[in-house]
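Report on the structure given below.
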Amino acid sequence: MAAMLEVEANLKSSAASKAAAEPLTIGQLARRAGVATSALRFYEAEGLLAGSRSAGGHRQYPRHALRRVAFIRAAQNVGLTLPQIKAALATLPDSRTPTKSDWARLSASWAPLLDARIAALQALRERLTGCIGCGCLSLKACALYNPADKVSDDGAGARLLRIETER
């Protein structure tokens, strides 16, 4: 009976393995993630992203920061604020990069927020359609600018103008 020999090939070169372990510079991360370097600095300042400094003082990031930046951008596209994103990332053990199951869990928790935003936008669209058809241009009766004439509770006069300039 002939003996069988099983061969396992490792085709990765040591240079490729070394490159995969090296951190990304801020410019490399920005290019690969499709964001500005200033955005990465801002995310770092806000505690959303952690980097380190090279011996020369340059910012550098671990390769898994690419996924973290993708998570931040996707959450922003959903309409979450940076504090909400930071809170979501804080739920991950050891501030690790989100996995597919993490994203599923977190995105499911954001569904009520999205539903409320969709409802608000639909209500705005309905009021806007009515306003376009109305053509009244009345600041007193306008359902968009002064719903239910709430400003009249503050008294007579140019209340809306004052409110706009105080902001």
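Order determines the names: the first chain of the structure tokens is A, the second B, and so forth; residues in each chain are numbered 1 upward, and ligands are numbered 1 upward as they are shown.
Residues within 8 Å of Leu66 of chain A, counting only C-alpha atoms and excluding same-chain residues fewer than 2 positions away, are Leu29, Arg32, Ala33, Arg63, His64, Arg68, Val69 and Ala70 of chain A.
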Worksheet entry | Long-range neighbours of segment 83-92 of chain A as a PyMOL selection string, 10 Å cut-off, only C-alpha atoms, 3 positions minimum in chain | chain A and resi 43+46-49+68+71-76+79-80+95-99+102-103+106-107+109-110
Item to complete: To one decimal in Å, tell me the separation between atom CA of Pro23 of chain A and atom CA of Ser52 of chain A.
Response: 9.2 Å
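Closest approach to Glu44 of chain A from the set A:Ala111, A:Leu24, A:Gln60, A:Asn77 is made by A:Gln60, with distances taken over only C-alpha atoms.
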